[in-house]
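Visitor: Okay, handing you the structure first.
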Amino acid sequence: MGNAAGVGRNFLFLQGPHGPFFHQLGKMLCATGAGVTRVGFNAGDRAFWRDRGSYLAFRGPLSQWPTWLEHLIGERKISDIVLYGDTRPVHAHAVELARRLGLCVHVFEEGYLRPYWVSYERGGSNGNSRLMDMDVTEMQGLLSRDAAQLPEAPDHWGDMREHVFYGALYHWFVLFRNRRYRNFRSHRAISLGREFRLHLNRLTLMPLHWALRVRATAHLKRGGYPYNLVLLQLEHDASFQAHSPFTTMGEFLELVIGEFARGAPSHNHLVFKAHPLEDGRAPVQRDIARLAAQHQIRDRVHYIRGGKLARLLAQARSAVTVNSTAAQQALWRGLPLKIFGAAVYAKPEFVSDQGLADFFADPAYPDVEKYRDFRRFLLETSQVSGGFYAARSRRQLLRKVVDMMLRDGDPYDVLQGKTAAARQQLHLLKQVKG
């Protein structure tokens, strides 16, 4: 008989990435002997969780959620909570309660080194990650002395079609099959109907957006001028809303374009690279055109919708963002980087502390060698190869992440334990030789 590593543990799943990943993860945890319960908040959650026996619907108002959840945890003897992103209200309440009760919180997110990795941490991610309190010297001390071969920086998003498809399908269920969840309120600011239409339009217009992107990229390449690249994010993204000083993307655009006009050399251009999932809910392209005209630099400002980031970074002079994870591709290439929000890579060795106008005039460069150690630290801890959306990516992720969830420590503790054991072994070897 095999070792059932999950016996005695009960996992509670809350909201996950669109698609079947959480269901498949729960099924695999059951195979280890663990108990699994899924709480759903709408018909989209219900549709992607096939095991009806382990599914519970929460249909009350948000005000009842903390009390309802605490009762469920006691009734089901929950030991672990699994969620995707830690800032939406139902998850923030769950994380707070779990800390008070001493439960383990498993947090999944899009990878810090996306698209070929996802992030798996405990307790929090992004601005709530343990990485925020770790300095680079500490990370270097935990790495082995043998140099590891680092994968090259990815040059495309990954499972884009599947990501958009599952997003559209999820919102279809919420829009048209949600009558049993009358108290459900999305954590997004827009209506469910508009959310569904945006996903559907995005899926339908992909060929047109591709053609526009190819034309804009070709025009940029033919220009032959030095340019500074702005890595845009989704205005409704958790990292932007919860871990940045901006409320709207318009505020960020106004700052960047104004400071570029004030500080950049007159022959420099400014290129805005849209997020691959940009769907038009915020008037980003219109605001860029308006602000560029206002500052009389319309002919020096460009907008590119999605596409492969590596091709743009290869010729860029510098990169600017709020706190996008895509900024790590700029650091991998040794580009000067200016950011404004909280991010796990926001270490003084990597990001510029210059004012933005001064940065555009003469940007300071990152410490590339230290960044490579930081990247290696991520790859040896919280970054798990695979993805949430395409079947091949989910299989790759599931092969590794279940064992990570069953370990006593989080990925950072595990590496620390390995390092301590290796040092102890080296010490004993030295004593024997002595």
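By convention here, the chains of the structure tokens are called A, B, ... in the order presented, each chain's residues are numbered starting at 1, and ligands are numbered starting at 1 in the order presented.
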I want to know what sits within 8 Å of A:Gln315, based on only C-alpha atoms, with residues of the same chain fewer than 4 positions away left out; could you give that as a PyMOL selection string?
Guide: chain A and resi 226-227+311
Visitor: Looking only at the backbone, which of the residues in stretch 219-318 of chain A does DSSP tag as strand (DSSP E or B), as a PyMOL selection string?
Guide: chain A and resi 227-231+269-273+301-304+318
Visitor: Write the selection just made, keeping N, CA and C atoms, as a CSV table (one decimal), in the first residue's frame?
Guide:
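Generated output (again.csv):
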```csv
chain,number,residue,atom,x,y,z
A,227,TYR,N,13.7,54.4,-28.1
A,227,TYR,CA,12.4,54.5,-27.4
A,227,TYR,C,12.5,53.9,-26.0
A,228,ASN,N,11.6,54.4,-25.2
A,228,ASN,CA,11.4,54.0,-23.8
A,228,ASN,C,10.0,53.2,-23.8
A,229,LEU,N,10.0,52.0,-23.2
A,229,LEU,CA,8.9,51.2,-23.2
A,229,LEU,C,8.1,51.2,-21.9
A,230,VAL,N,6.8,51.4,-22.0
A,230,VAL,CA,5.9,51.5,-20.9
A,230,VAL,C,5.1,50.2,-20.9
A,231,LEU,N,5.2,49.4,-19.8
A,231,LEU,CA,4.5,48.1,-19.7
A,231,LEU,C,3.2,48.3,-19.0
A,269,HIS,N,11.5,58.4,-28.2
A,269,HIS,CA,10.0,58.2,-28.3
A,269,HIS,C,9.6,57.4,-27.1
A,270,LEU,N,8.3,57.3,-27.0
A,270,LEU,CA,7.6,56.6,-25.9
A,270,LEU,C,6.6,55.6,-26.4
A,271,VAL,N,6.8,54.3,-26.1
A,271,VAL,CA,6.0,53.2,-26.6
A,271,VAL,C,5.2,52.6,-25.5
A,272,PHE,N,3.9,52.6,-25.6
A,272,PHE,CA,3.0,51.9,-24.6
A,272,PHE,C,2.7,50.5,-25.1
A,273,LYS,N,3.0,49.5,-24.3
A,273,LYS,CA,2.7,48.1,-24.7
A,273,LYS,C,1.5,47.7,-23.8
A,301,VAL,N,4.8,59.4,-29.5
A,301,VAL,CA,4.1,58.5,-28.6
A,301,VAL,C,3.4,57.4,-29.4
A,302,HIS,N,3.6,56.1,-29.1
A,302,HIS,CA,3.0,55.0,-29.8
A,302,HIS,C,2.3,54.0,-28.9
A,303,TYR,N,1.3,53.4,-29.4
A,303,TYR,CA,0.5,52.4,-28.6
A,303,TYR,C,0.5,51.0,-29.4
A,304,ILE,N,0.9,50.0,-28.7
A,304,ILE,CA,1.0,48.6,-29.4
A,304,ILE,C,0.1,47.7,-28.5
A,318,SER,N,14.8,51.9,-22.1
A,318,SER,CA,14.4,51.7,-20.7
A,318,SER,C,13.0,51.1,-20.6
```
Visitor: If we count only C-alpha atoms and set the cut-off at 12 Å, which residues sit around A:Pro283, ignoring sequence neighbours fewer than 6 positions away in its own chain? Please answer as number ranges by chain.
Guide: A: 234-235, 248-251, 253, 274, 289-290
Visitor: Using only C-alpha atoms, can you tell me which of A:Trp49, A:Phe252, A:Tyr371, A:Tyr120 comes closest to A:Phe350?
Guide: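 Closest residue, counting only C-alpha atoms: A:Tyr371.
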Visitor: Hey, what's within 12 Å of A:Leu143 if we count only C-alpha atoms and toss same-chain stuff fewer than 6 positions away? As a PDB file with all heavy atoms, in the first residue's frame, please?
Guide:
```pdb
ATOM      1  N   VAL A 136      18.055  40.795  -1.172  1.00  0.00           N
ATOM      2  CA  VAL A 136      18.760  39.978  -2.147  1.00  0.00           C
ATOM      3  C   VAL A 136      19.912  39.211  -1.504  1.00  0.00           C
ATOM      4  O   VAL A 136      20.175  38.056  -1.855  1.00  0.00           O
ATOM      5  CB  VAL A 136      19.268  40.849  -3.314  1.00  0.00           C
ATOM      6  CG1 VAL A 136      20.046  40.009  -4.323  1.00  0.00           C
ATOM      7  CG2 VAL A 136      18.098  41.538  -4.005  1.00  0.00           C
ATOM      8  N   THR A 137      20.589  39.834  -0.551  1.00  0.00           N
ATOM      9  CA  THR A 137      21.698  39.158   0.127  1.00  0.00           C
ATOM     10  C   THR A 137      21.219  37.905   0.845  1.00  0.00           C
ATOM     11  O   THR A 137      21.882  36.856   0.815  1.00  0.00           O
ATOM     12  CB  THR A 137      22.374  40.110   1.126  1.00  0.00           C
ATOM     13  OG1 THR A 137      22.831  41.275   0.437  1.00  0.00           O
ATOM     14  CG2 THR A 137      23.541  39.437   1.817  1.00  0.00           C
ATOM     15  N   ARG A 372      20.108  38.130 -11.541  1.00  0.00           N
ATOM     16  CA  ARG A 372      20.124  36.728 -11.968  1.00  0.00           C
ATOM     17  C   ARG A 372      20.042  35.795 -10.759  1.00  0.00           C
ATOM     18  O   ARG A 372      19.413  34.735 -10.827  1.00  0.00           O
ATOM     19  CB  ARG A 372      21.369  36.454 -12.809  1.00  0.00           C
ATOM     20  CG  ARG A 372      21.280  37.135 -14.160  1.00  0.00           C
ATOM     21  CD  ARG A 372      22.455  36.861 -15.058  1.00  0.00           C
ATOM     22  NE  ARG A 372      22.268  37.560 -16.321  1.00  0.00           N
ATOM     23  CZ  ARG A 372      22.269  36.998 -17.513  1.00  0.00           C
ATOM     24  NH1 ARG A 372      22.426  35.694 -17.618  1.00  0.00           N
ATOM     25  NH2 ARG A 372      22.097  37.710 -18.608  1.00  0.00           N
ATOM     26  N   ASP A 373      20.665  36.180  -9.659  1.00  0.00           N
ATOM     27  CA  ASP A 373      20.535  35.386  -8.436  1.00  0.00           C
ATOM     28  C   ASP A 373      19.106  35.440  -7.910  1.00  0.00           C
ATOM     29  O   ASP A 373      18.567  34.429  -7.432  1.00  0.00           O
ATOM     30  CB  ASP A 373      21.503  35.895  -7.373  1.00  0.00           C
ATOM     31  CG  ASP A 373      22.945  35.498  -7.652  1.00  0.00           C
ATOM     32  OD1 ASP A 373      23.159  34.525  -8.396  1.00  0.00           O
ATOM     33  OD2 ASP A 373      23.860  36.163  -7.120  1.00  0.00           O
ATOM     34  N   PHE A 374      18.490  36.620  -7.984  1.00  0.00           N
ATOM     35  CA  PHE A 374      17.101  36.765  -7.547  1.00  0.00           C
ATOM     36  C   PHE A 374      16.182  35.889  -8.389  1.00  0.00           C
ATOM     37  O   PHE A 374      15.322  35.163  -7.867  1.00  0.00           O
ATOM     38  CB  PHE A 374      16.690  38.236  -7.671  1.00  0.00           C
ATOM     39  CG  PHE A 374      15.222  38.498  -7.436  1.00  0.00           C
ATOM     40  CD1 PHE A 374      14.706  38.496  -6.152  1.00  0.00           C
ATOM     41  CD2 PHE A 374      14.366  38.748  -8.496  1.00  0.00           C
ATOM     42  CE1 PHE A 374      13.354  38.751  -5.931  1.00  0.00           C
ATOM     43  CE2 PHE A 374      13.021  38.993  -8.286  1.00  0.00           C
ATOM     44  CZ  PHE A 374      12.521  38.992  -6.995  1.00  0.00           C
ATOM     45  N   ARG A 375      16.371  35.908  -9.689  1.00  0.00           N
ATOM     46  CA  ARG A 375      15.563  35.089 -10.596  1.00  0.00           C
ATOM     47  C   ARG A 375      15.765  33.600 -10.306  1.00  0.00           C
ATOM     48  O   ARG A 375      14.806  32.818 -10.284  1.00  0.00           O
ATOM     49  CB  ARG A 375      15.939  35.418 -12.039  1.00  0.00           C
ATOM     50  CG  ARG A 375      15.206  34.595 -13.085  1.00  0.00           C
ATOM     51  CD  ARG A 375      15.702  34.974 -14.472  1.00  0.00           C
ATOM     52  NE  ARG A 375      15.202  34.066 -15.494  1.00  0.00           N
ATOM     53  CZ  ARG A 375      14.036  34.180 -16.103  1.00  0.00           C
ATOM     54  NH1 ARG A 375      13.234  35.173 -15.795  1.00  0.00           N
ATOM     55  NH2 ARG A 375      13.659  33.306 -17.028  1.00  0.00           N
ATOM     56  N   ARG A 376      17.003  33.229 -10.078  1.00  0.00           N
ATOM     57  CA  ARG A 376      17.284  31.836  -9.754  1.00  0.00           C
ATOM     58  C   ARG A 376      16.609  31.433  -8.447  1.00  0.00           C
ATOM     59  O   ARG A 376      16.070  30.325  -8.323  1.00  0.00           O
ATOM     60  CB  ARG A 376      18.798  31.634  -9.661  1.00  0.00           C
ATOM     61  CG  ARG A 376      19.223  30.208  -9.364  1.00  0.00           C
ATOM     62  CD  ARG A 376      20.726  30.099  -9.281  1.00  0.00           C
ATOM     63  NE  ARG A 376      21.122  28.892  -8.579  1.00  0.00           N
ATOM     64  CZ  ARG A 376      22.287  28.707  -8.007  1.00  0.00           C
ATOM     65  NH1 ARG A 376      23.202  29.669  -8.060  1.00  0.00           N
ATOM     66  NH2 ARG A 376      22.576  27.580  -7.388  1.00  0.00           N
ATOM     67  N   PHE A 377      16.586  32.345  -7.470  1.00  0.00           N
ATOM     68  CA  PHE A 377      15.910  32.077  -6.204  1.00  0.00           C
ATOM     69  C   PHE A 377      14.421  31.822  -6.431  1.00  0.00           C
ATOM     70  O   PHE A 377      13.835  30.889  -5.853  1.00  0.00           O
ATOM     71  CB  PHE A 377      16.112  33.252  -5.248  1.00  0.00           C
ATOM     72  CG  PHE A 377      15.442  33.086  -3.916  1.00  0.00           C
ATOM     73  CD1 PHE A 377      16.058  32.370  -2.904  1.00  0.00           C
ATOM     74  CD2 PHE A 377      14.187  33.637  -3.679  1.00  0.00           C
ATOM     75  CE1 PHE A 377      15.438  32.210  -1.667  1.00  0.00           C
ATOM     76  CE2 PHE A 377      13.564  33.475  -2.450  1.00  0.00           C
ATOM     77  CZ  PHE A 377      14.198  32.759  -1.446  1.00  0.00           C
ATOM     78  N   LEU A 378      13.792  32.628  -7.271  1.00  0.00           N
ATOM     79  CA  LEU A 378      12.376  32.421  -7.574  1.00  0.00           C
ATOM     80  C   LEU A 378      12.136  31.067  -8.223  1.00  0.00           C
ATOM     81  O   LEU A 378      11.199  30.353  -7.874  1.00  0.00           O
ATOM     82  CB  LEU A 378      11.870  33.524  -8.497  1.00  0.00           C
ATOM     83  CG  LEU A 378      11.807  34.950  -7.945  1.00  0.00           C
ATOM     84  CD1 LEU A 378      11.225  35.889  -8.990  1.00  0.00           C
ATOM     85  CD2 LEU A 378      10.982  35.013  -6.672  1.00  0.00           C
ATOM     86  N   LEU A 379      13.000  30.710  -9.176  1.00  0.00           N
ATOM     87  CA  LEU A 379      12.830  29.446  -9.893  1.00  0.00           C
ATOM     88  C   LEU A 379      13.046  28.241  -8.982  1.00  0.00           C
ATOM     89  O   LEU A 379      12.504  27.157  -9.242  1.00  0.00           O
ATOM     90  CB  LEU A 379      13.782  29.387 -11.083  1.00  0.00           C
ATOM     91  CG  LEU A 379      13.433  30.324 -12.245  1.00  0.00           C
ATOM     92  CD1 LEU A 379      14.564  30.356 -13.261  1.00  0.00           C
ATOM     93  CD2 LEU A 379      12.131  29.902 -12.916  1.00  0.00           C
ATOM     94  N   GLU A 380      13.818  28.410  -7.926  1.00  0.00           N
ATOM     95  CA  GLU A 380      14.048  27.301  -6.993  1.00  0.00           C
ATOM     96  C   GLU A 380      13.030  27.260  -5.866  1.00  0.00           C
ATOM     97  O   GLU A 380      13.075  26.367  -5.035  1.00  0.00           O
ATOM     98  CB  GLU A 380      15.466  27.402  -6.415  1.00  0.00           C
ATOM     99  CG  GLU A 380      16.554  27.145  -7.446  1.00  0.00           C
ATOM    100  CD  GLU A 380      17.925  26.963  -6.817  1.00  0.00           C
ATOM    101  OE1 GLU A 380      17.998  26.666  -5.605  1.00  0.00           O
ATOM    102  OE2 GLU A 380      18.932  27.100  -7.529  1.00  0.00           O
ATOM    103  N   THR A 381      12.094  28.217  -5.841  1.00  0.00           N
ATOM    104  CA  THR A 381      11.125  28.271  -4.742  1.00  0.00           C
ATOM    105  C   THR A 381       9.690  28.345  -5.253  1.00  0.00           C
ATOM    106  O   THR A 381       9.055  27.316  -5.472  1.00  0.00           O
ATOM    107  CB  THR A 381      11.431  29.463  -3.817  1.00  0.00           C
ATOM    108  OG1 THR A 381      11.501  30.678  -4.598  1.00  0.00           O
ATOM    109  CG2 THR A 381      12.744  29.259  -3.066  1.00  0.00           C
ATOM    110  N   TYR A 412       9.875  28.701   0.353  1.00  0.00           N
ATOM    111  CA  TYR A 412      11.048  29.403   0.875  1.00  0.00           C
ATOM    112  C   TYR A 412      11.643  28.668   2.077  1.00  0.00           C
ATOM    113  O   TYR A 412      12.859  28.578   2.225  1.00  0.00           O
ATOM    114  CB  TYR A 412      10.664  30.842   1.238  1.00  0.00           C
ATOM    115  CG  TYR A 412       9.924  31.534   0.115  1.00  0.00           C
ATOM    116  CD1 TYR A 412       8.621  31.991   0.271  1.00  0.00           C
ATOM    117  CD2 TYR A 412      10.529  31.693  -1.136  1.00  0.00           C
ATOM    118  CE1 TYR A 412       7.946  32.600  -0.776  1.00  0.00           C
ATOM    119  CE2 TYR A 412       9.858  32.302  -2.193  1.00  0.00           C
ATOM    120  CZ  TYR A 412       8.554  32.758  -1.997  1.00  0.00           C
ATOM    121  OH  TYR A 412       7.887  33.356  -3.042  1.00  0.00           O
ATOM    122  N   VAL A 414      11.397  25.439   2.528  1.00  0.00           N
ATOM    123  CA  VAL A 414      11.982  24.201   2.008  1.00  0.00           C
ATOM    124  C   VAL A 414      13.402  24.455   1.515  1.00  0.00           C
ATOM    125  O   VAL A 414      14.329  23.689   1.811  1.00  0.00           O
ATOM    126  CB  VAL A 414      11.108  23.624   0.878  1.00  0.00           C
ATOM    127  CG1 VAL A 414      11.835  22.486   0.156  1.00  0.00           C
ATOM    128  CG2 VAL A 414       9.777  23.126   1.443  1.00  0.00           C
ATOM    129  N   LEU A 415      13.609  25.546   0.777  1.00  0.00           N
ATOM    130  CA  LEU A 415      14.955  25.861   0.303  1.00  0.00           C
ATOM    131  C   LEU A 415      15.888  26.178   1.468  1.00  0.00           C
ATOM    132  O   LEU A 415      17.049  25.754   1.478  1.00  0.00           O
ATOM    133  CB  LEU A 415      14.918  27.050  -0.662  1.00  0.00           C
ATOM    134  CG  LEU A 415      16.272  27.473  -1.228  1.00  0.00           C
ATOM    135  CD1 LEU A 415      16.909  26.329  -2.023  1.00  0.00           C
ATOM    136  CD2 LEU A 415      16.136  28.711  -2.106  1.00  0.00           C
ATOM    137  N   GLN A 416      15.374  26.874   2.458  1.00  0.00           N
ATOM    138  CA  GLN A 416      16.186  27.188   3.631  1.00  0.00           C
ATOM    139  C   GLN A 416      16.615  25.914   4.348  1.00  0.00           C
ATOM    140  O   GLN A 416      17.759  25.779   4.795  1.00  0.00           O
ATOM    141  CB  GLN A 416      15.394  28.088   4.583  1.00  0.00           C
ATOM    142  CG  GLN A 416      16.216  28.684   5.719  1.00  0.00           C
ATOM    143  CD  GLN A 416      15.440  29.733   6.487  1.00  0.00           C
ATOM    144  OE1 GLN A 416      14.210  29.750   6.485  1.00  0.00           O
ATOM    145  NE2 GLN A 416      16.145  30.623   7.151  1.00  0.00           N
ATOM    146  N   GLY A 417      15.684  24.938   4.426  1.00  0.00           N
ATOM    147  CA  GLY A 417      16.024  23.663   5.052  1.00  0.00           C
ATOM    148  C   GLY A 417      17.058  22.892   4.267  1.00  0.00           C
ATOM    149  O   GLY A 417      17.981  22.298   4.844  1.00  0.00           O
ATOM    150  N   LYS A 418      16.937  22.908   2.934  1.00  0.00           N
ATOM    151  CA  LYS A 418      17.928  22.235   2.097  1.00  0.00           C
ATOM    152  C   LYS A 418      19.300  22.867   2.257  1.00  0.00           C
ATOM    153  O   LYS A 418      20.323  22.180   2.329  1.00  0.00           O
ATOM    154  CB  LYS A 418      17.499  22.299   0.634  1.00  0.00           C
ATOM    155  CG  LYS A 418      16.307  21.433   0.277  1.00  0.00           C
ATOM    156  CD  LYS A 418      15.971  21.588  -1.201  1.00  0.00           C
ATOM    157  CE  LYS A 418      14.769  20.735  -1.594  1.00  0.00           C
ATOM    158  NZ  LYS A 418      14.409  20.953  -3.015  1.00  0.00           N
ATOM    159  N   THR A 419      19.332  24.196   2.304  1.00  0.00           N
ATOM    160  CA  THR A 419      20.600  24.903   2.442  1.00  0.00           C
ATOM    161  C   THR A 419      21.247  24.589   3.785  1.00  0.00           C
ATOM    162  O   THR A 419      22.455  24.335   3.866  1.00  0.00           O
ATOM    163  CB  THR A 419      20.375  26.425   2.324  1.00  0.00           C
ATOM    164  OG1 THR A 419      19.741  26.705   1.070  1.00  0.00           O
ATOM    165  CG2 THR A 419      21.694  27.178   2.390  1.00  0.00           C
ATOM    166  N   ALA A 420      20.432  24.577   4.864  1.00  0.00           N
ATOM    167  CA  ALA A 420      20.965  24.271   6.187  1.00  0.00           C
ATOM    168  C   ALA A 420      21.513  22.853   6.241  1.00  0.00           C
ATOM    169  O   ALA A 420      22.573  22.595   6.819  1.00  0.00           O
ATOM    170  CB  ALA A 420      19.874  24.466   7.237  1.00  0.00           C
ATOM    171  N   ALA A 422      22.645  21.055   3.694  1.00  0.00           N
ATOM    172  CA  ALA A 422      23.862  20.975   2.889  1.00  0.00           C
ATOM    173  C   ALA A 422      25.054  21.557   3.647  1.00  0.00           C
ATOM    174  O   ALA A 422      26.162  21.016   3.595  1.00  0.00           O
ATOM    175  CB  ALA A 422      23.656  21.723   1.575  1.00  0.00           C
ATOM    176  N   ARG A 423      24.833  22.640   4.355  1.00  0.00           N
ATOM    177  CA  ARG A 423      25.924  23.254   5.114  1.00  0.00           C
ATOM    178  C   ARG A 423      26.358  22.369   6.275  1.00  0.00           C
ATOM    179  O   ARG A 423      27.538  22.267   6.590  1.00  0.00           O
ATOM    180  CB  ARG A 423      25.484  24.632   5.623  1.00  0.00           C
ATOM    181  CG  ARG A 423      25.411  25.677   4.515  1.00  0.00           C
ATOM    182  CD  ARG A 423      24.859  26.980   5.013  1.00  0.00           C
ATOM    183  NE  ARG A 423      24.833  27.965   3.931  1.00  0.00           N
ATOM    184  CZ  ARG A 423      24.166  29.098   3.984  1.00  0.00           C
ATOM    185  NH1 ARG A 423      23.450  29.402   5.058  1.00  0.00           N
ATOM    186  NH2 ARG A 423      24.196  29.948   2.966  1.00  0.00           N
TER     187      ARG A 423
END
```
Visitor: With distances taken over only C-alpha atoms, which residue among A:Val214, A:Leu331, A:Val256, A:Leu198 lies nearest A:Ala282?
Guide: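 Under the stated criterion, the closest residue is A:Leu198.
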Visitor: Give me the residues within 8 Å of A:Gly306 as an mmCIF file with N, CA, C and O atoms, in the first residue's frame, counting only C-alpha atoms and dropping any in the same chain fewer than 2 places off.
Guide:
```cif
data_model
loop_
_atom_site.group_PDB
_atom_site.id
_atom_site.type_symbol
_atom_site.label_atom_id
_atom_site.label_comp_id
_atom_site.auth_asym_id
_atom_site.auth_seq_id
_atom_site.Cartn_x
_atom_site.Cartn_y
_atom_site.Cartn_z
ATOM 1 N N ARG A 213 -1.519 44.987 -34.463
ATOM 2 C CA ARG A 213 -0.264 44.885 -33.712
ATOM 3 C C ARG A 213 0.923 44.698 -34.652
ATOM 4 O O ARG A 213 1.972 45.329 -34.469
ATOM 5 N N LYS A 273 3.050 49.532 -24.336
ATOM 6 C CA LYS A 273 2.741 48.141 -24.679
ATOM 7 C C LYS A 273 1.549 47.693 -23.840
ATOM 8 O O LYS A 273 1.631 47.609 -22.611
ATOM 9 N N ALA A 274 0.415 47.436 -24.488
ATOM 10 C CA ALA A 274 -0.796 47.039 -23.780
ATOM 11 C C ALA A 274 -0.656 45.645 -23.180
ATOM 12 O O ALA A 274 0.081 44.799 -23.698
ATOM 13 N N HIS A 275 -1.371 45.400 -22.096
ATOM 14 C CA HIS A 275 -1.443 44.065 -21.513
ATOM 15 C C HIS A 275 -2.102 43.118 -22.520
ATOM 16 O O HIS A 275 -3.049 43.514 -23.225
ATOM 17 N N PRO A 276 -1.642 41.867 -22.612
ATOM 18 C CA PRO A 276 -2.228 40.933 -23.592
ATOM 19 C C PRO A 276 -3.728 40.725 -23.426
ATOM 20 O O PRO A 276 -4.409 40.365 -24.393
ATOM 21 N N LEU A 277 -4.272 40.935 -22.224
ATOM 22 C CA LEU A 277 -5.703 40.740 -21.995
ATOM 23 C C LEU A 277 -6.464 42.062 -21.928
ATOM 24 O O LEU A 277 -7.604 42.094 -21.460
ATOM 25 N N GLU A 278 -5.869 43.137 -22.367
ATOM 26 C CA GLU A 278 -6.561 44.426 -22.387
ATOM 27 C C GLU A 278 -7.835 44.317 -23.214
ATOM 28 O O GLU A 278 -7.811 43.865 -24.364
ATOM 29 N N ILE A 304 0.946 49.970 -28.750
ATOM 30 C CA ILE A 304 0.954 48.647 -29.373
ATOM 31 C C ILE A 304 0.094 47.709 -28.538
ATOM 32 O O ILE A 304 0.312 47.558 -27.329
ATOM 33 N N LYS A 308 4.242 40.044 -28.542
ATOM 34 C CA LYS A 308 5.421 39.497 -27.877
ATOM 35 C C LYS A 308 6.285 40.611 -27.303
ATOM 36 O O LYS A 308 6.795 41.466 -28.035
ATOM 37 N N LEU A 309 6.467 40.560 -26.007
ATOM 38 C CA LEU A 309 7.193 41.614 -25.317
ATOM 39 C C LEU A 309 8.683 41.599 -25.642
ATOM 40 O O LEU A 309 9.326 42.649 -25.752
#
```
Visitor: Tell me which of A:Ala216, A:Met160, A:Val351, A:Val320 sits closest to A:Tyr116, counting only C-alpha atoms.
Guide: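 Using only C-alpha atoms, A:Tyr116 sits closest to A:Met160.
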